[in-house]
file upload_27.txt (compact mmCIF, C-alpha atoms)
# COMPACT_ATOMS: atom_id res chain seq x y z
CA MET E 5 -53.38 -19.39 6.04
CA PRO E 6 -51.99 -16.64 8.34
CA LEU E 7 -52.11 -13.09 7.09
CA VAL E 8 -48.87 -11.23 6.45
CA ASP E 9 -48.64 -7.49 6.86
CA PRO E 10 -46.63 -6.32 3.81
CA VAL E 11 -45.61 -3.09 5.57
CA THR E 12 -44.22 -4.87 8.62
CA MET E 13 -42.58 -7.49 6.44
CA SER E 14 -40.85 -4.86 4.27
CA ARG E 15 -39.57 -3.05 7.35
CA THR E 16 -38.21 -6.29 8.77
CA LEU E 17 -36.42 -7.13 5.54
CA ALA E 18 -34.99 -3.61 5.30
CA ARG E 19 -33.79 -3.82 8.87
CA GLY E 20 -32.05 -7.13 8.27
CA SER E 21 -30.40 -6.07 5.01
CA SER E 22 -29.22 -2.59 5.93
CA ALA E 23 -28.04 -3.09 9.51
CA PRO E 24 -24.26 -2.66 9.77
CA SER E 25 -22.23 -5.71 10.67
CA PRO E 26 -21.35 -5.77 14.39
CA GLN E 27 -17.87 -4.67 15.42
CA LYS E 28 -16.82 -4.12 11.81
CA ALA E 29 -14.04 -1.71 12.74
CA ALA E 30 -12.93 -3.83 15.68
CA ALA E 31 -12.24 -6.71 13.29
CA ILE E 32 -9.29 -4.76 11.86
CA SER E 33 -6.22 -5.69 13.89
CA PRO E 34 -3.11 -3.55 14.34
CA VAL E 35 -0.05 -4.63 12.38
CA ALA E 36 2.47 -6.14 14.77
CA ILE E 37 6.19 -6.41 14.15
CA LEU E 38 7.21 -9.97 13.36
CA ASP E 39 8.49 -12.09 16.22
CA ALA E 40 11.87 -12.70 14.63
CA PRO E 41 15.44 -12.05 15.83
CA LEU E 42 16.15 -9.34 13.25
CA ALA E 43 12.71 -7.71 13.19
CA GLY E 44 13.01 -5.67 16.38
CA PRO E 45 16.50 -4.24 15.78
CA LEU E 46 15.73 -3.47 12.13
CA ALA E 47 12.48 -1.72 13.04
CA LEU E 48 14.47 0.49 15.43
CA ALA E 49 17.33 1.06 12.99
CA ARG E 50 15.13 2.07 10.04
CA PRO E 51 14.09 5.52 11.40
CA ALA E 52 17.70 6.27 12.27
CA ALA E 53 18.82 5.28 8.76
CA LEU E 54 16.16 7.43 7.08
CA LEU E 55 16.90 10.47 9.26
CA ALA E 56 20.64 9.99 8.74
CA LEU E 57 20.11 9.93 4.97
CA LEU E 58 18.07 13.12 5.25
CA ALA E 59 20.73 14.82 7.36
CA VAL E 60 23.57 13.82 5.02
CA ARG E 61 21.72 14.97 1.91
CA PHE E 62 20.10 18.07 3.41
CA GLY E 63 22.64 20.48 1.88
CA ALA E 64 22.17 18.97 -1.56
CA LEU E 65 18.38 18.99 -1.06
CA VAL E 66 18.44 22.73 -0.39
CA ALA E 67 20.81 23.45 -3.28
CA ASP E 68 19.05 21.35 -5.94
CA PRO E 69 15.97 19.41 -4.79
CA VAL E 70 15.06 17.51 -7.97
CA PRO E 71 18.24 15.46 -8.55
CA THR E 72 18.67 14.95 -4.81
CA LEU E 73 15.17 13.55 -4.36
CA ARG E 74 15.54 11.47 -7.52
CA SER E 75 18.82 9.89 -6.42
CA ALA E 76 17.58 9.26 -2.86
CA LEU E 77 14.37 7.55 -3.94
CA PRO E 78 15.95 4.13 -4.81
CA VAL E 79 17.81 4.13 -1.48
CA VAL E 80 14.58 4.79 0.40
CA ALA E 81 12.85 2.06 -1.60
CA VAL E 82 15.52 -0.48 -0.63
CA VAL E 83 15.36 0.51 3.05
CA GLN E 84 11.56 0.24 3.03
CA ALA E 85 11.59 -3.08 1.19
CA VAL E 86 14.03 -4.62 3.68
CA TYR E 87 11.96 -3.26 6.55
CA ALA E 88 8.71 -4.63 5.11
CA VAL E 89 10.00 -8.10 4.26
CA LEU E 90 11.90 -8.66 7.51
CA CYS E 91 9.75 -6.75 10.00
CA LEU E 92 6.12 -6.69 8.83
CA PRO E 93 3.63 -9.52 8.28
CA VAL E 94 2.47 -9.94 4.71
CA ALA E 95 -1.12 -8.92 4.04
CA GLY E 96 -3.38 -11.90 4.67
CA SER E 97 -0.92 -13.90 6.74
CA GLN E 98 -2.08 -12.65 10.14
CA HIS E 99 -5.72 -13.25 9.20
CA GLY E 100 -5.18 -16.49 7.33
CA ARG E 101 -6.30 -19.90 8.40
CA ALA E 102 -4.28 -21.59 11.08
CA ALA E 103 -2.53 -24.68 9.87
CA LYS E 104 -4.51 -27.78 10.86
CA LYS E 105 -2.88 -30.70 12.60
CA GLN E 106 -2.81 -33.48 10.06
CA ARG E 107 -4.28 -36.84 10.79
CA PRO E 108 -2.17 -39.96 10.28
CA GLY E 109 -2.02 -40.70 6.58
CA GLU E 110 -3.70 -37.42 5.58
CA LYS E 111 -2.05 -35.61 2.68
CA ARG E 112 -1.41 -31.92 2.89
CA LYS E 113 -3.44 -29.93 0.40
CA PRO E 114 -1.63 -27.47 -1.88
CA GLY E 115 -1.44 -24.11 -0.14
CA ASP E 116 -2.23 -25.44 3.36
CA GLY E 117 0.03 -23.85 5.97
CA THR E 118 1.58 -21.48 3.45
CA GLY E 119 1.11 -17.73 3.28
CA PRO E 120 1.73 -15.01 0.72
CA ASN E 121 5.27 -14.75 -0.55
CA PRO E 122 7.01 -11.71 1.01
CA ILE E 123 9.12 -10.91 -2.06
CA SER E 124 6.24 -10.96 -4.54
CA SER E 125 4.08 -9.05 -2.07
CA ALA E 126 6.79 -6.40 -1.75
CA VAL E 127 7.00 -6.07 -5.53
CA LEU E 128 3.23 -5.73 -5.84
CA SER E 129 3.17 -3.19 -3.01
CA LEU E 130 5.88 -1.22 -4.77
CA ILE E 131 3.80 -1.19 -7.96
CA LEU E 132 0.74 -0.01 -6.02
CA ALA E 133 2.77 2.75 -4.38
CA VAL E 134 4.00 3.92 -7.80
CA ILE E 135 0.43 3.87 -9.15
CA ALA E 136 -0.75 5.92 -6.17
CA THR E 137 1.93 8.60 -6.62
CA PRO E 138 -0.04 10.74 -9.15
CA ALA E 139 -3.01 10.72 -6.76
CA VAL E 140 -0.75 11.90 -3.93
CA HIS E 141 0.60 14.59 -6.27
CA LEU E 142 -2.95 15.75 -6.93
CA LEU E 143 -3.66 15.87 -3.18
CA PHE E 144 -0.56 18.00 -2.66
CA VAL E 145 -1.81 20.42 -5.31
CA LEU E 146 -5.27 20.54 -3.72
CA PHE E 147 -3.65 21.42 -0.39
CA GLY E 148 -1.66 24.31 -1.83
CA ALA E 149 1.30 22.92 -3.78
CA PRO E 150 2.23 24.75 -7.01
CA PHE E 151 0.02 23.58 -9.85
CA LEU E 152 1.99 24.54 -12.98
CA ASP E 153 5.33 25.46 -11.42
CA HIS E 154 7.77 23.01 -9.84
CA VAL E 155 5.95 19.95 -11.16
CA PRO E 156 9.03 17.66 -10.87
CA HIS E 157 9.56 18.86 -7.30
CA THR E 158 5.99 18.02 -6.30
CA LEU E 159 5.95 14.70 -8.14
CA LEU E 160 9.17 13.53 -6.46
CA CYS E 161 7.87 14.70 -3.09
CA ALA E 162 4.73 12.63 -3.71
CA ALA E 163 6.88 9.64 -4.71
CA HIS E 164 8.81 9.85 -1.44
CA PHE E 165 5.52 10.04 0.47
CA SER E 166 4.23 6.95 -1.33
CA MET E 167 7.43 5.04 -0.70
CA LEU E 168 7.66 6.16 2.91
CA VAL E 169 4.12 5.37 4.11
CA LEU E 170 1.93 3.87 1.38
CA PHE E 171 4.32 1.07 0.47
CA PRO E 172 4.34 -0.45 4.02
CA THR E 173 0.57 0.05 4.26
CA PHE E 174 -0.05 -1.86 1.03
CA TYR E 175 2.38 -4.57 2.11
CA ALA E 176 0.74 -5.12 5.50
CA ARG E 177 -2.89 -4.40 4.54
CA GLY E 178 -2.99 -5.47 0.91
CA VAL E 179 -6.00 -4.31 -1.07
CA ASP E 180 -8.53 -5.14 1.64
CA THR E 181 -11.15 -2.43 1.10
CA GLN E 182 -12.40 -2.51 4.69
CA ALA E 183 -8.90 -2.07 6.13
CA LEU E 184 -7.88 0.66 3.67
CA VAL E 185 -11.10 2.61 4.26
CA ALA E 186 -10.50 2.35 8.01
CA VAL E 187 -6.95 3.66 7.56
CA ALA E 188 -8.13 6.52 5.33
CA GLY E 189 -10.86 7.39 7.82
CA ALA E 190 -8.49 7.27 10.82
CA ALA E 191 -10.61 4.44 12.31
CA ALA E 192 -7.91 1.75 12.23
CA PRO E 193 -5.96 0.86 15.38
CA LEU E 194 -2.57 2.49 15.68
CA ASP E 195 0.50 0.55 14.62
CA GLU E 196 3.80 1.38 12.92
CA THR E 197 2.36 1.62 9.42
CA PHE E 198 -0.67 3.72 10.37
CA GLY E 199 1.37 5.89 12.74
CA ALA E 200 3.88 6.60 9.98
CA LEU E 201 1.06 7.66 7.67
CA LEU E 202 -0.47 10.01 10.25
CA GLY E 203 2.93 11.41 11.18
CA ALA E 204 3.90 12.02 7.56
CA VAL E 205 0.64 13.88 6.86
CA LEU E 206 0.99 16.02 9.98
CA GLY E 207 4.70 16.61 9.36
CA ALA E 208 4.14 17.67 5.75
CA TRP E 209 1.36 20.03 6.85
CA LEU E 210 3.55 21.62 9.53
CA GLY E 211 6.47 21.72 7.11
CA ALA E 212 4.51 24.07 4.86
CA VAL E 213 4.34 26.72 7.60
CA PRO E 214 7.82 28.29 7.05
CA ILE E 215 7.50 28.52 3.26
CA PRO E 216 5.48 31.78 3.02
CA LEU E 217 7.40 33.52 5.83
CA ASP E 218 9.58 36.42 4.72
CA TRP E 219 12.89 35.07 5.97
CA ASP E 220 14.69 34.77 2.60
CA ARG E 221 16.32 31.45 3.50
CA ASP E 222 17.35 28.91 0.90
CA TRP E 223 15.80 26.03 2.86
CA GLN E 224 12.35 27.69 2.60
CA ARG E 225 12.08 26.77 -1.07
CA TRP E 226 9.56 24.17 -2.17
CA PRO E 227 9.57 21.31 -1.18
CA VAL E 228 12.49 21.23 1.29
CA THR E 229 10.51 21.81 4.48
CA ILE E 230 7.75 19.51 3.28
CA VAL E 231 10.21 16.65 2.82
CA VAL E 232 11.88 17.28 6.19
CA GLY E 233 8.56 17.43 8.01
CA MET E 234 7.31 14.35 6.18
CA TYR E 235 10.33 12.22 7.14
CA ALA E 236 10.47 13.49 10.71
CA GLY E 237 6.74 12.98 11.20
CA ALA E 238 6.74 9.50 9.65
CA THR E 239 9.64 8.22 11.76
CA PHE E 240 8.30 9.69 15.01
CA GLY E 241 4.74 8.56 14.25
CA ALA E 242 5.90 5.02 13.49
CA TRP E 243 7.85 4.85 16.75
CA ALA E 244 5.04 6.30 18.89
CA ALA E 245 2.28 4.21 17.33
CA GLY E 246 4.39 1.07 17.47
CA THR E 247 5.20 1.42 21.17
CA VAL E 248 3.26 3.61 23.62
CA LEU E 249 0.17 4.06 21.42
CA TYR E 250 0.05 0.61 19.87
CA GLY E 251 -3.49 -0.71 19.42
CA LYS E 252 -5.21 2.51 20.46
CA ARG E 253 -7.82 4.14 18.22
CA LEU E 254 -8.26 7.78 17.27
CA VAL E 255 -12.01 7.17 16.90
CA SER E 256 -13.64 5.71 20.00
CA GLU E 257 -16.13 2.85 19.84
CA ALA E 258 -18.91 5.20 20.98
CA GLU E 259 -18.22 7.54 18.06
CA GLU E 260 -18.15 4.56 15.68
CA SER E 261 -21.54 3.39 16.98
CA THR E 262 -22.96 6.89 16.59
CA ALA E 263 -21.67 7.13 13.02
CA ALA E 264 -23.08 3.70 12.18
CA ALA E 265 -26.45 4.67 13.66
CA ALA E 266 -26.47 7.91 11.69
CA ALA E 267 -25.75 5.97 8.50
CA THR E 268 -28.66 3.59 9.12
CA PRO E 269 -31.71 4.42 6.93
CA SER E 270 -34.58 6.06 8.76
CA SER E 271 -36.93 3.23 7.78
CA THR E 272 -35.03 0.89 10.11
CA LYS E 273 -35.49 3.23 13.09
CA GLU E 274 -39.29 3.31 12.94
CA GLU E 275 -41.49 1.32 15.34
call {"tool": "encode", "arguments": {"input": "upload_27.txt", "output": "structure tokens"}}
result
Amino acid sequence: MPLVDPVTMSRTLARGSSAPSPQKAAAISPVAILDAPLAGPLALARPAALLALLAVRFGALVADPVPTLRSALPVVAVVQAVYAVLCLPVAGSQHGRAAKKQRPGEKRKPGDGTGPNPISSAVLSLILAVIATPAVHLLFVLFGAPFLDHVPHTLLCAAHFSMLVLFPTFYARGVDTQALVAVAGAAAPLDETFGALLGAVLGAWLGAVPIPLDWDRDWQRWPVTIVVGMYAGATFGAWAAGTVLYGKRLVSEAEESTAAAAATPSSTKEE
């Protein structure tokens, strides 16, 4: 009976169990706009509609932010829902099984050739966006938003952020942990949903710059500039990532390989 070296065997098993799956990040595809007659024009009209709503309600936003943000939230939700259902693929549909060609006399199995329902997926994505709003509120506070003062202002600002960028992300990505972690870690390929998220974060961060300046302007009050920067950044980011930057990655494959190698246990690097 051949002898087995327990040390070598344990290293081999550890290497096989802890090695990262190849091209894990590359398996995440960018979200493409649906190939439908209305999808393209609606995807282009949505940023204009959101910015027009912001421009029309800017005076009211400066005068009294809370009721203005509250009344605008359902309008934004409707615009985003129409955009998601008519322009974006439902989570799971682009990675689902291709419909097989049936043989003569073969019966179609229940669920074959069908994908997730867009309406129910939109409702579930809306619920997830609402659930995520308190977490976004907490992130705003951690990044400098008032903690005890202006709580309704910050909560409504977080709700607009969730509706603006998290709702389409949940609709197109679902609750796929790998995809959501890639989006949160800026490792996903650029598309309209991811570009809107990056643009909203950058726009909100830049929007905070005028607030502490001693200009004594009404529009410097919290969270007017945050909302303006968030909407401007989301619309521009969605356009840029959906056109000229589509499919590109912020993290290169070399950096991903380096990070994966660094995360590999040292026991697998011996020999």
call {"tool": "atom_distance", "arguments": {"input": "upload_27.txt", "atom1": "atom CA of E:Thr247", "atom2": "atom CA of E:Ala126"}}
result
24.3 Å
call {"tool": "closest_residue", "arguments": {"input": "upload_27.txt", "among": "E:Tyr175, E:Tyr235, E:Phe144, E:Phe151", "to": "E:Cys91", "atoms": "only C-alpha atoms"}}
result
E:Tyr175
call {"tool": "closest_residue", "arguments": {"input": "upload_27.txt", "among": "E:Arg177, E:Lys252, E:His154, E:His164", "to": "E:Val231", "atoms": "only C-alpha atoms"}}
result
E:His164
call {"tool": "residues_around", "arguments": {"input": "upload_27.txt", "residues": "E:Ala40", "least_positions_apart": "6", "cutoff": "12 Å", "atoms": "all atoms listed in the file", "output": "list of chain:residue names"}}
result
E:Leu46, E:Ala47, E:Val89, E:Leu90, E:Cys91, E:Leu92, E:Pro93
call {"tool": "residues_around", "arguments": {"input": "upload_27.txt", "residues": "E:Ala53", "least_positions_apart": "4", "cutoff": "12 Å", "atoms": "all atoms listed in the file", "output": "PyMOL selection string"}}
result
chain E and resi 46-49+57-60+79-80+82-84+87+235-236+239
call {"tool": "write_last_selection", "arguments": {"input": "upload_27.txt", "atoms": "C-alpha atoms", "output": "compact mmCIF listing (two decimals), in the coordinates of the input"}}
result
# COMPACT_ATOMS: atom_id res chain seq x y z
CA LEU E 46 15.73 -3.47 12.13
CA ALA E 47 12.48 -1.72 13.04
CA LEU E 48 14.47 0.49 15.43
CA ALA E 49 17.33 1.06 12.99
CA LEU E 57 20.11 9.93 4.97
CA LEU E 58 18.07 13.12 5.25
CA ALA E 59 20.73 14.82 7.36
CA VAL E 60 23.57 13.82 5.02
CA VAL E 79 17.81 4.13 -1.48
CA VAL E 80 14.58 4.79 0.40
CA VAL E 82 15.52 -0.48 -0.63
CA VAL E 83 15.36 0.51 3.05
CA GLN E 84 11.56 0.24 3.03
CA TYR E 87 11.96 -3.26 6.55
CA TYR E 235 10.33 12.22 7.14
CA ALA E 236 10.47 13.49 10.71
CA THR E 239 9.64 8.22 11.76
call {"tool": "atom_distance", "arguments": {"input": "upload_27.txt", "atom1": "atom CA of E:Val35", "atom2": "atom CA of E:Ala190"}}
result
14.7 Å
call {"tool": "closest_residue", "arguments": {"input": "upload_27.txt", "among": "E:Pro138, E:Pro193, E:Pro71, E:Gly119", "to": "E:Phe165", "atoms": "all atoms listed in the file"}}
result
E:Pro138
call {"tool": "closest_residue", "arguments": {"input": "upload_27.txt", "among": "E:Leu184, E:Ala81, E:Leu65, E:Thr173", "to": "E:Arg225", "atoms": "only C-alpha atoms"}}
result
E:Leu65
call {"tool": "closest_residue", "arguments": {"input": "upload_27.txt", "among": "E:Leu194, E:Leu210, E:Val94, E:Ile123", "to": "E:Gly246", "atoms": "all atoms listed in the file"}}
result
E:Leu194
call {"tool": "closest_residue", "arguments": {"input": "upload_27.txt", "among": "E:Ala56, E:Val205, E:Ala212, E:Met167", "to": "E:Pro78", "atoms": "all atoms listed in the file"}}
result
E:Met167
call {"tool": "atom_distance", "arguments": {"input": "upload_27.txt", "atom1": "atom CA of E:Leu206", "atom2": "atom CA of E:Val127"}}
result
27.7 Å
call {"tool": "residues_around", "arguments": {"input": "upload_27.txt", "residues": "E:Leu73", "least_positions_apart": "4", "cutoff": "7 Å", "atoms": "only C-alpha atoms", "output": "list of chain:residue names"}}
result
E:Pro69, E:Leu77, E:Leu160
call {"tool": "residues_around", "arguments": {"input": "upload_27.txt", "residues": "E:Ser125", "least_positions_apart": "4", "cutoff": "9 Å", "atoms": "all atoms listed in the file", "output": "list in words"}}
result
Val89, Val94, Ala95, Pro120, Asn121, Ser129, Leu130, Phe174, Tyr175 and Gly178 of chain E
call {"tool": "residues_around", "arguments": {"input": "upload_27.txt", "residues": "E:Phe198", "least_positions_apart": "3", "cutoff": "8 Å", "atoms": "all atoms listed in the file", "output": "list in words"}}
result
Thr173, Val187, Ala192, Pro193, Leu194, Asp195, Leu201, Leu202, Ala242 and Ala245 of chain E
call {"tool": "residues_near_point", "arguments": {"input": "upload_27.txt", "point": "(5.1, 18.3, -6.4)", "cutoff": "12 Å", "atoms": "all atoms listed in the file", "output": "number ranges by chain"}}
result
E: 69-70, 73, 137-165, 226-228, 230-231
call {"tool": "write_last_selection", "arguments": {"input": "upload_27.txt", "atoms": "C-alpha atoms", "output": "tab-separated table (two decimals), in the coordinates of the input"}}
result
chain	number	residue	atom	x	y	z
E	69	PRO	CA	15.97	19.41	-4.79
E	70	VAL	CA	15.06	17.51	-7.97
E	73	LEU	CA	15.17	13.55	-4.36
E	137	THR	CA	1.93	8.60	-6.62
E	138	PRO	CA	-0.04	10.74	-9.15
E	139	ALA	CA	-3.01	10.72	-6.76
E	140	VAL	CA	-0.75	11.90	-3.93
E	141	HIS	CA	0.60	14.59	-6.27
E	142	LEU	CA	-2.95	15.75	-6.93
E	143	LEU	CA	-3.66	15.87	-3.18
E	144	PHE	CA	-0.56	18.00	-2.66
E	145	VAL	CA	-1.81	20.42	-5.31
E	146	LEU	CA	-5.27	20.54	-3.72
E	147	PHE	CA	-3.65	21.42	-0.39
E	148	GLY	CA	-1.66	24.31	-1.83
E	149	ALA	CA	1.30	22.92	-3.78
E	150	PRO	CA	2.23	24.75	-7.01
E	151	PHE	CA	0.02	23.58	-9.85
E	152	LEU	CA	1.99	24.54	-12.98
E	153	ASP	CA	5.33	25.46	-11.42
E	154	HIS	CA	7.77	23.01	-9.84
E	155	VAL	CA	5.95	19.95	-11.16
E	156	PRO	CA	9.03	17.66	-10.87
E	157	HIS	CA	9.56	18.86	-7.30
E	158	THR	CA	5.99	18.02	-6.30
E	159	LEU	CA	5.95	14.70	-8.14
E	160	LEU	CA	9.17	13.53	-6.46
E	161	CYS	CA	7.87	14.70	-3.09
E	162	ALA	CA	4.73	12.63	-3.71
E	163	ALA	CA	6.88	9.64	-4.71
E	164	HIS	CA	8.81	9.85	-1.44
E	165	PHE	CA	5.52	10.04	0.47
E	226	TRP	CA	9.56	24.17	-2.17
E	227	PRO	CA	9.57	21.31	-1.18
E	228	VAL	CA	12.49	21.23	1.29
E	230	ILE	CA	7.75	19.51	3.28
E	231	VAL	CA	10.21	16.65	2.82
call {"tool": "build_atoms", "arguments": {"input": "upload_27.txt", "residues": "stretch 143-155 of chain E", "atoms": "N, CA and C atoms", "output": "compact mmCIF listing (two decimals), keeping the file's coordinate frame"}}
result
# COMPACT_ATOMS: atom_id res chain seq x y z
N LEU E 143 -3.29 15.43 -4.53
CA LEU E 143 -3.66 15.87 -3.18
C LEU E 143 -2.75 17.01 -2.71
N PHE E 144 -1.47 16.92 -3.02
CA PHE E 144 -0.56 18.00 -2.66
C PHE E 144 -0.98 19.31 -3.33
N VAL E 145 -1.37 19.21 -4.59
CA VAL E 145 -1.81 20.42 -5.31
C VAL E 145 -3.09 20.98 -4.68
N LEU E 146 -4.02 20.08 -4.33
CA LEU E 146 -5.27 20.54 -3.72
C LEU E 146 -5.03 21.20 -2.37
N PHE E 147 -3.96 20.83 -1.69
CA PHE E 147 -3.65 21.42 -0.39
C PHE E 147 -2.66 22.57 -0.49
N GLY E 148 -2.43 23.08 -1.70
CA GLY E 148 -1.66 24.31 -1.83
C GLY E 148 -0.34 24.20 -2.55
N ALA E 149 0.05 23.03 -3.03
CA ALA E 149 1.30 22.92 -3.78
C ALA E 149 1.17 23.63 -5.12
N PRO E 150 2.29 24.10 -5.69
CA PRO E 150 2.23 24.75 -7.01
C PRO E 150 1.62 23.83 -8.05
N PHE E 151 0.73 24.39 -8.87
CA PHE E 151 0.02 23.58 -9.85
C PHE E 151 0.83 23.44 -11.15
N LEU E 152 1.26 24.55 -11.71
CA LEU E 152 1.99 24.54 -12.98
C LEU E 152 3.49 24.68 -12.79
N ASP E 153 3.90 25.30 -11.69
CA ASP E 153 5.33 25.46 -11.42
C ASP E 153 5.83 24.31 -10.55
N HIS E 154 7.11 24.00 -10.69
CA HIS E 154 7.77 23.01 -9.84
C HIS E 154 7.06 21.66 -9.88
N VAL E 155 6.62 21.25 -11.04
CA VAL E 155 5.95 19.95 -11.16
C VAL E 155 6.88 18.79 -10.81
